[in-house]
Amino acid sequence: MGGLRVGSAGVVAATALGVSLGLMSSLVGLAAPAYADDTVVVQGTAFPDPARANLSLVGCDLYQRSDEQLAPMIGRGPGAAPAGARSLGFDLAGGNAVGALFTVGSVLGTTTASIAVNAVGRASGVAYAGYQEPADRGTSYLWLGRSELTTPGGAWQTVEATTRSYLWTKYDMTTRQPVLAGSGVPTTVALMAAQHGGDGPGVFTIGFGCDGTPFSMDALRVGGPGSVTTYDVEGLRTQVTISAQTDKAVEPGDAVTLTGTLETGTGDPVPHATMLLEQRTAGSDTWKPVLVASVGPQGSVRAEVKPEVRTFYRWRFVDRPLAEGSTSMPLVLDVLPPITSEPPSPSSSPTQEPSGTPSEAPSTPAAPSEAPSSDAPSDSSSPSASASPTESATASATASAAPGETDPSPSDGAAADESVSPRRSTGYGSR
């Protein structure tokens with residue numbers, strides 16, 4: 001069935017699950033607005049016009065409904081869904097029926113009130129029709145008819161309520177007590193109206209689960225010629241956002257916290273939701289996974305990244321049976337270029353100092369009488385001149401290397417890149 005297939009079931013909250021027959025009195029007399037043939041997409045169980053179409057939970061015997069914790073489930077199929085890709089599934093304990101509730105302003109002008117159902121096997125259900133005759137307008141009196149339903153299961157079947165025959169009893173909807181018995185003969189809604197003064201407002205409900213057989217439902221339809229509305233049950237629409245705790249360029253390898261939000265069109269949370277953080281470096285058109293993060297109770301998510309170059313990030317919520325997938329807008333983190341120092345030129349500092357030393361030696365020629373003594377200094381100055389370039393070059397190189405201790409050279413920067421590379425996740429989370 002739609003929501004019970006292994007690995008593809010999604011659960012939505014049942015707190016706003018439709019209207020029971022006990023509330024029909026508050027709906028009778030409401031005139032349905034004019035519609036043209038159209039399709040309305042229902043997100044989960046959030047019907048957009050519940051006064052006209054909604055979900056109902058009724059007893060398989062009128063007013064004998066038992067307490068039961070409901071877990072409506074959204075899933076793809078089964079098979080080819082009658083409308084869209086998903087359907088709404090239930091697995092009841094038995095004794096109750098869940099299905100569609102339609103409120104109409106004219107029982108004679110309503111030519112279709114139906115649902116498509118697919119059970120895992122032969123399943124039983126119940127349909128109720130409500131009709132208020134013109135003489136009872138303004139009161140809480142309502143004719144209610146009951147008709148048993150069965151479906152062979154294993155395939156989609158359309159169950160139509162307007163053409164069925166019902167056993168009727170008039171009720172006071174305030175006290176829920178019968179006030180008049182019907183003829184005891186199964187009668188259609190049209191014939192009932194003809195026998196009791198003509199057209200009037202009413203309700204139709206169609207539900208399954210009386211015998212506890214799991215089933216799926218979809219394509220709820222109601223209306224008259226040229227104004228039939230189809231309610232297509234689909235997953236929750238989602239919206240994802242992304243933001244960063246900085247709006248400035250960062251140094252390579254600096255940690256930046258990214259946050260995100262996951263919202264649904266109905267405001268309902270997605271149970272056990274996760275989001276995938278993806279990245280794309282500047283100049284590339286390929287998005288790559290970074291990590292999978294769990295979404296918090298308020299729909300928030302966060303992760304820490306350490307970009308080395310200009311990088312784009314986005315959060316992505318992967319499509320699942322309960323909720324449709326969505327992706328945030330890309331967010332870019334600008335990264336400052338690494339600071340490097342210029343290496344010393346081998347032809348500048350090392351050669352200028354030594355070249356001046358030999359040129360100064362002959363600038364003061366020795367006196368002839370001092371030739372023996374000048375020969376000794378000359379011999380000693382020559383080694384000094386040849387050693388000086390080496391010492392000077394060493395000193396120059398040492399001066400150039402000193403800034404490198406705080407400002408890395410290009411090779412040091414590459415090593416730093418590897419030490420702060422982002423952590424990678426090798427797997428993906430699942431619900």
# chains A, B, ... in the order shown; residues from 1 in each chain; ligands from 1

$ residues_around --residues "stretch 133-136 of chain A" --least-positions-apart "5" --cutoff "10 Å" --atoms "only C-alpha atoms" --output "list of chain:residue names"
A:Tyr141, A:Leu142, A:Trp143, A:Met192, A:Ala193, A:Ala194, A:Gln195, A:His196, A:Gly197, A:Gly198, A:Asp199, A:Gly200, A:Pro201, A:Gly202

$ select_by_dssp --residues "stretch 99-255 of chain A" --states "strand (DSSP E)" --output "short mmCIF file (atom, residue, chain, number, x, y, z; two decimals) with N, CA and C atoms, in the first residue's frame"
data_model
loop_
_atom_site.label_atom_id
_atom_site.label_comp_id
_atom_site.auth_asym_id
_atom_site.auth_seq_id
_atom_site.Cartn_x
_atom_site.Cartn_y
_atom_site.Cartn_z
N GLY A 99 -11.46 7.74 5.61
CA GLY A 99 -11.62 8.02 4.19
C GLY A 99 -11.89 9.47 3.93
N ALA A 100 -12.75 9.74 2.94
CA ALA A 100 -13.03 11.10 2.51
C ALA A 100 -14.37 11.56 3.04
N LEU A 101 -14.44 12.85 3.36
CA LEU A 101 -15.69 13.49 3.76
C LEU A 101 -15.92 14.68 2.84
N PHE A 102 -17.04 14.66 2.12
CA PHE A 102 -17.40 15.74 1.21
C PHE A 102 -18.67 16.42 1.71
N THR A 103 -18.66 17.74 1.79
CA THR A 103 -19.83 18.52 2.14
C THR A 103 -20.32 19.23 0.88
N VAL A 104 -21.59 19.09 0.55
CA VAL A 104 -22.12 19.64 -0.70
C VAL A 104 -23.35 20.49 -0.41
N THR A 112 -20.67 13.40 -8.59
CA THR A 112 -19.57 12.52 -8.20
C THR A 112 -19.06 12.89 -6.82
N ALA A 113 -18.88 11.87 -6.00
CA ALA A 113 -18.23 11.98 -4.69
C ALA A 113 -17.53 10.64 -4.51
N SER A 114 -16.25 10.58 -4.83
CA SER A 114 -15.58 9.28 -4.94
C SER A 114 -14.15 9.35 -4.45
N ILE A 115 -13.58 8.17 -4.20
CA ILE A 115 -12.16 8.03 -3.93
C ILE A 115 -11.66 6.81 -4.69
N ALA A 116 -10.35 6.79 -4.94
CA ALA A 116 -9.70 5.60 -5.48
C ALA A 116 -9.05 4.87 -4.31
N VAL A 117 -9.23 3.56 -4.22
CA VAL A 117 -8.72 2.78 -3.10
C VAL A 117 -7.97 1.57 -3.62
N ASN A 118 -6.91 1.18 -2.91
CA ASN A 118 -6.13 0.00 -3.25
C ASN A 118 -5.71 -0.66 -1.94
N ALA A 119 -6.26 -1.83 -1.67
CA ALA A 119 -5.94 -2.55 -0.43
C ALA A 119 -4.99 -3.70 -0.74
N ALA A 123 -10.86 -6.06 1.26
CA ALA A 123 -11.04 -5.17 2.40
C ALA A 123 -12.48 -4.67 2.45
N SER A 124 -12.93 -4.38 3.66
CA SER A 124 -14.29 -3.88 3.85
C SER A 124 -14.27 -2.46 4.38
N GLY A 125 -15.32 -1.71 4.05
CA GLY A 125 -15.44 -0.33 4.50
C GLY A 125 -16.90 0.05 4.61
N VAL A 126 -17.14 1.34 4.70
CA VAL A 126 -18.51 1.82 4.85
C VAL A 126 -18.62 3.20 4.21
N ALA A 127 -19.82 3.46 3.63
CA ALA A 127 -20.13 4.78 3.09
C ALA A 127 -21.36 5.31 3.80
N TYR A 128 -21.35 6.60 4.10
CA TYR A 128 -22.51 7.27 4.68
C TYR A 128 -22.90 8.43 3.78
N ALA A 129 -24.20 8.64 3.64
CA ALA A 129 -24.71 9.81 2.92
C ALA A 129 -25.64 10.56 3.85
N GLY A 130 -25.53 11.88 3.84
CA GLY A 130 -26.41 12.72 4.64
C GLY A 130 -27.22 13.63 3.74
N TYR A 131 -28.50 13.80 4.04
CA TYR A 131 -29.40 14.62 3.22
C TYR A 131 -30.35 15.36 4.15
N TYR A 141 -31.91 18.38 12.12
CA TYR A 141 -32.35 17.08 11.61
C TYR A 141 -31.66 16.77 10.29
N LEU A 142 -31.27 15.52 10.17
CA LEU A 142 -30.56 15.09 8.97
C LEU A 142 -30.84 13.62 8.73
N TRP A 143 -31.18 13.30 7.47
CA TRP A 143 -31.29 11.89 7.08
C TRP A 143 -29.89 11.34 6.85
N LEU A 144 -29.60 10.21 7.48
CA LEU A 144 -28.32 9.55 7.27
C LEU A 144 -28.56 8.15 6.72
N GLY A 145 -27.84 7.84 5.63
CA GLY A 145 -27.93 6.52 5.03
C GLY A 145 -26.60 5.80 5.13
N ARG A 146 -26.66 4.48 5.29
CA ARG A 146 -25.45 3.67 5.44
C ARG A 146 -25.40 2.61 4.35
N SER A 147 -24.17 2.39 3.81
CA SER A 147 -23.98 1.37 2.78
C SER A 147 -22.63 0.70 3.01
N GLU A 148 -22.62 -0.62 3.04
CA GLU A 148 -21.36 -1.35 3.23
C GLU A 148 -20.55 -1.37 1.93
N LEU A 149 -19.22 -1.37 2.10
CA LEU A 149 -18.31 -1.36 0.96
C LEU A 149 -17.36 -2.55 1.03
N THR A 150 -16.96 -3.02 -0.12
CA THR A 150 -15.89 -4.02 -0.22
C THR A 150 -15.04 -3.70 -1.43
N THR A 151 -13.79 -4.08 -1.37
CA THR A 151 -12.89 -3.95 -2.51
C THR A 151 -12.06 -5.22 -2.61
N GLN A 157 -9.24 0.86 -7.39
CA GLN A 157 -10.66 0.79 -7.70
C GLN A 157 -11.31 2.10 -7.26
N THR A 158 -12.18 2.65 -8.11
CA THR A 158 -12.91 3.87 -7.77
C THR A 158 -14.22 3.51 -7.09
N VAL A 159 -14.45 4.10 -5.93
CA VAL A 159 -15.69 3.87 -5.17
C VAL A 159 -16.51 5.15 -5.24
N GLU A 160 -17.68 5.09 -5.85
CA GLU A 160 -18.56 6.24 -6.04
C GLU A 160 -19.69 6.21 -5.01
N SER A 165 -26.99 2.80 -3.06
CA SER A 165 -28.26 2.73 -2.32
C SER A 165 -27.95 2.61 -0.83
N TYR A 166 -28.69 3.33 0.00
CA TYR A 166 -28.44 3.40 1.44
C TYR A 166 -29.69 3.02 2.22
N LEU A 167 -29.48 2.55 3.44
CA LEU A 167 -30.56 2.38 4.40
C LEU A 167 -30.59 3.63 5.27
N TRP A 168 -31.76 4.30 5.34
CA TRP A 168 -31.84 5.64 5.90
C TRP A 168 -32.51 5.68 7.27
N THR A 169 -32.03 6.62 8.09
CA THR A 169 -32.64 6.94 9.38
C THR A 169 -32.45 8.44 9.61
N LYS A 170 -33.50 9.12 10.11
CA LYS A 170 -33.35 10.54 10.41
C LYS A 170 -32.81 10.69 11.83
N TYR A 171 -31.80 11.55 11.96
CA TYR A 171 -31.16 11.79 13.25
C TYR A 171 -31.27 13.25 13.65
N ASP A 172 -31.27 13.48 14.95
CA ASP A 172 -31.04 14.81 15.49
C ASP A 172 -29.53 14.91 15.71
N GLN A 177 -29.28 11.19 18.29
CA GLN A 177 -30.31 10.19 18.50
C GLN A 177 -31.23 10.11 17.28
N PRO A 178 -31.67 8.88 16.93
CA PRO A 178 -32.60 8.75 15.81
C PRO A 178 -33.97 9.33 16.18
N VAL A 179 -34.61 9.99 15.21
CA VAL A 179 -35.93 10.56 15.44
C VAL A 179 -36.99 9.97 14.52
N LEU A 180 -36.54 9.32 13.45
CA LEU A 180 -37.50 8.73 12.51
C LEU A 180 -36.80 7.64 11.70
N ALA A 181 -37.43 6.48 11.64
CA ALA A 181 -36.88 5.37 10.86
C ALA A 181 -37.26 5.51 9.39
N THR A 187 -32.16 2.83 -0.73
CA THR A 187 -32.61 3.91 -1.61
C THR A 187 -31.44 4.82 -1.95
N THR A 188 -31.38 5.28 -3.20
CA THR A 188 -30.34 6.21 -3.61
C THR A 188 -30.63 7.60 -3.05
N GLY A 202 -26.08 18.30 1.78
CA GLY A 202 -25.76 17.00 2.35
C GLY A 202 -24.28 16.74 2.46
N VAL A 203 -23.97 15.51 2.82
CA VAL A 203 -22.59 15.07 2.97
C VAL A 203 -22.46 13.65 2.43
N PHE A 204 -21.22 13.32 2.03
CA PHE A 204 -20.87 11.96 1.63
C PHE A 204 -19.56 11.60 2.31
N THR A 205 -19.48 10.39 2.84
CA THR A 205 -18.21 9.91 3.39
C THR A 205 -17.97 8.49 2.92
N ILE A 206 -16.72 8.20 2.55
CA ILE A 206 -16.32 6.90 2.04
C ILE A 206 -15.05 6.50 2.79
N GLY A 207 -15.07 5.34 3.46
CA GLY A 207 -13.90 4.94 4.22
C GLY A 207 -13.69 3.44 4.24
N PHE A 208 -12.43 3.04 4.50
CA PHE A 208 -12.07 1.63 4.61
C PHE A 208 -11.27 1.42 5.89
N PHE A 215 -4.72 -0.28 3.56
CA PHE A 215 -5.15 0.21 2.24
C PHE A 215 -4.55 1.57 1.97
N SER A 216 -4.61 1.96 0.70
CA SER A 216 -4.19 3.29 0.26
C SER A 216 -5.35 3.97 -0.42
N MET A 217 -5.34 5.30 -0.39
CA MET A 217 -6.39 6.07 -1.05
C MET A 217 -5.77 7.26 -1.76
N ASP A 218 -6.44 7.70 -2.82
CA ASP A 218 -5.94 8.81 -3.62
C ASP A 218 -7.09 9.30 -4.50
N ALA A 219 -6.85 10.40 -5.20
CA ALA A 219 -7.79 10.93 -6.18
C ALA A 219 -9.19 11.08 -5.60
N LEU A 220 -9.33 11.91 -4.59
CA LEU A 220 -10.64 12.21 -4.03
C LEU A 220 -11.34 13.19 -4.97
N ARG A 221 -12.55 12.88 -5.40
CA ARG A 221 -13.25 13.71 -6.39
C ARG A 221 -14.64 14.07 -5.90
N VAL A 222 -15.02 15.33 -6.14
CA VAL A 222 -16.36 15.78 -5.77
C VAL A 222 -16.78 16.92 -6.70
N GLY A 223 -18.07 16.95 -7.03
CA GLY A 223 -18.58 18.04 -7.85
C GLY A 223 -19.68 17.59 -8.79
N THR A 229 -13.75 18.65 -8.78
CA THR A 229 -12.41 18.90 -8.25
C THR A 229 -11.78 17.58 -7.83
N THR A 230 -10.56 17.34 -8.30
CA THR A 230 -9.80 16.16 -7.91
C THR A 230 -8.74 16.58 -6.91
N TYR A 231 -8.73 15.90 -5.76
CA TYR A 231 -7.74 16.17 -4.73
C TYR A 231 -6.66 15.10 -4.81
N ASP A 232 -5.48 15.53 -5.24
CA ASP A 232 -4.34 14.64 -5.43
C ASP A 232 -3.46 14.67 -4.20
N VAL A 233 -3.39 13.56 -3.47
CA VAL A 233 -2.58 13.49 -2.26
C VAL A 233 -1.11 13.31 -2.64
N GLU A 234 -0.28 14.25 -2.22
CA GLU A 234 1.14 14.20 -2.49
C GLU A 234 1.92 14.48 -1.20
N THR A 238 8.69 21.38 0.40
CA THR A 238 9.73 21.83 1.32
C THR A 238 10.49 23.02 0.74
N GLN A 239 11.13 23.77 1.64
CA GLN A 239 11.99 24.89 1.26
C GLN A 239 13.22 24.86 2.15
N VAL A 240 14.39 25.03 1.54
CA VAL A 240 15.66 24.96 2.26
C VAL A 240 16.40 26.28 2.11
N THR A 241 16.99 26.77 3.20
CA THR A 241 17.80 27.98 3.17
C THR A 241 19.19 27.69 3.70
N ILE A 242 20.14 28.59 3.42
CA ILE A 242 21.51 28.45 3.90
C ILE A 242 22.05 29.82 4.27
N SER A 243 22.90 29.88 5.28
CA SER A 243 23.56 31.11 5.67
C SER A 243 24.89 30.77 6.34
N ALA A 244 25.76 31.78 6.45
CA ALA A 244 27.07 31.61 7.08
C ALA A 244 27.22 32.61 8.20
#

$ atom_distance --atom1 "atom CA of A:Pro214" --atom2 "atom CA of A:Ala53"
22.4 Å

$ closest_residue --among "A:Gly138, A:Val107, A:Trp156, A:Ala46" --to "A:Ala190" --atoms "only C-alpha atoms"
A:Val107

$ residues_around --residues "A:Arg310" --least-positions-apart "5" --cutoff "6 Å" --atoms "only C-alpha atoms" --output "PyMOL selection string"
chain A and resi 282+333-335

$ atom_distance --atom1 "atom CA of A:Asn96" --atom2 "atom CA of A:Thr213"
11.2 Å

$ closest_residue --among "A:Leu277, A:Val42, A:Ala51, A:Ala255" --to "A:Gly235" --atoms "only C-alpha atoms"
A:Val42
